[in-house]
Amino acid sequence: MSKPKKTKAPKIIKDAAAKTSKAAKRATSAARKVKSTAEPKSNKTTQMVELLHRENGATLDELVTFTGWNANSVRGFLSGTVGKKMGLKVNSTKGEDGKRKYQIAS
């Protein structure tokens with residue numbers, strides 16, 4: 001017995017209406033990606049940066065309490081997001097009480 005021959009499935013030709021709807025979808029998604037000129041919304045990143053801009057900065061304990069994150073996550077955020085992505089210089093000092101304070105350099 002011989003095996004039956006495999007045949008290719010017929011190609012499906014899309015009509016012009018389907019192509020234009022894809023183009024319309026791309027245009028609307030591109031329009032959504034454009035940032036508005038309005039004020040940025042307040043989120044954890046902007047609120048943490050405001051805490052770090054204070055005169056005395058913020059302690060690690062304050063940042064952990066504010067975010068609800070682990071201490072290592074807060075330190076990673078300060079290094080990666082604030083320091084590298086945002087390009088801000090974060091100063092770290094250890095107080096007499098042994099607690100570390102973080103502050104954005106002015």
# chains A, B, ... in the order shown; residues from 1 in each chain; ligands from 1
>>> residues_around(residues="Lys94 (chain A)", least_positions_apart="4", cutoff="12 Å", atoms="only C-alpha atoms", output="short mmCIF file (atom, residue, chain, number, x, y, z; two decimals) with C-alpha atoms, in the first residue's frame")
data_model
loop_
_atom_site.label_atom_id
_atom_site.label_comp_id
_atom_site.auth_asym_id
_atom_site.auth_seq_id
_atom_site.Cartn_x
_atom_site.Cartn_y
_atom_site.Cartn_z
CA GLY A 57 16.05 63.01 51.35
CA ALA A 58 14.39 59.78 52.45
CA THR A 59 15.55 56.85 54.50
CA LEU A 60 15.42 53.32 53.18
CA GLY A 98 23.04 53.83 61.23
CA LYS A 99 20.17 54.35 58.79
CA ARG A 100 20.93 55.00 55.16
CA LYS A 101 19.45 58.14 53.56
CA TYR A 102 19.02 58.64 49.84
CA GLN A 103 18.76 62.02 48.19
#
>>> residues_around(residues="Gly83 (chain A)", least_positions_apart="3", cutoff="12 Å", atoms="only C-alpha atoms", output="ChimeraX atom specification")
/A:49,52,75-80,86-92,102-105
>>> closest_residue(among="A:Lys11, A:Asn70, A:Arg26, A:Val82", to="Met48 (chain A)", atoms="only C-alpha atoms")
A:Val82
>>> closest_residue(among="A:Asp97, A:Thr67, A:Lys85, A:Pro4", to="Lys44 (chain A)", atoms="only C-alpha atoms")
A:Thr67
>>> select_by_dssp(residues="region 40-89 of chain A", states="helix (DSSP H, G or I)", output="PyMOL selection string")
chain A and resi 44-53+60-67+71-85
>>> write_last_selection(atoms="C-alpha atoms", output="short mmCIF file (atom, residue, chain, number, x, y, z; two decimals), in the first residue's frame")
data_model
loop_
_atom_site.label_atom_id
_atom_site.label_comp_id
_atom_site.auth_asym_id
_atom_site.auth_seq_id
_atom_site.Cartn_x
_atom_site.Cartn_y
_atom_site.Cartn_z
CA LYS A 44 5.03 55.61 42.52
CA THR A 45 8.01 56.71 40.46
CA THR A 46 7.13 60.40 40.55
CA GLN A 47 6.15 60.22 44.21
CA MET A 48 9.41 58.51 45.14
CA VAL A 49 11.40 61.10 43.21
CA GLU A 50 9.55 63.82 45.15
CA LEU A 51 10.52 62.09 48.41
CA LEU A 52 14.14 61.97 47.29
CA HIS A 53 14.09 65.68 46.37
CA LEU A 60 15.42 53.32 53.18
CA ASP A 61 12.78 52.50 55.81
CA GLU A 62 10.58 55.38 54.60
CA LEU A 63 10.85 54.23 50.99
CA VAL A 64 10.09 50.60 51.93
CA THR A 65 7.04 51.70 53.92
CA PHE A 66 5.84 53.99 51.14
CA THR A 67 6.15 51.43 48.34
CA ALA A 71 14.52 46.79 50.71
CA ASN A 72 16.51 45.17 47.90
CA SER A 73 13.78 46.11 45.40
CA VAL A 74 13.90 49.74 46.53
CA ARG A 75 17.69 49.83 46.16
CA GLY A 76 17.41 48.27 42.70
CA PHE A 77 14.79 50.86 41.73
CA LEU A 78 17.05 53.68 42.90
CA SER A 79 20.00 52.31 40.96
CA GLY A 80 18.24 51.16 37.79
CA THR A 81 15.27 53.43 37.24
CA VAL A 82 16.24 56.64 39.01
CA GLY A 83 19.98 56.45 38.43
CA LYS A 84 20.35 54.86 35.01
CA LYS A 85 17.05 55.32 33.16
#
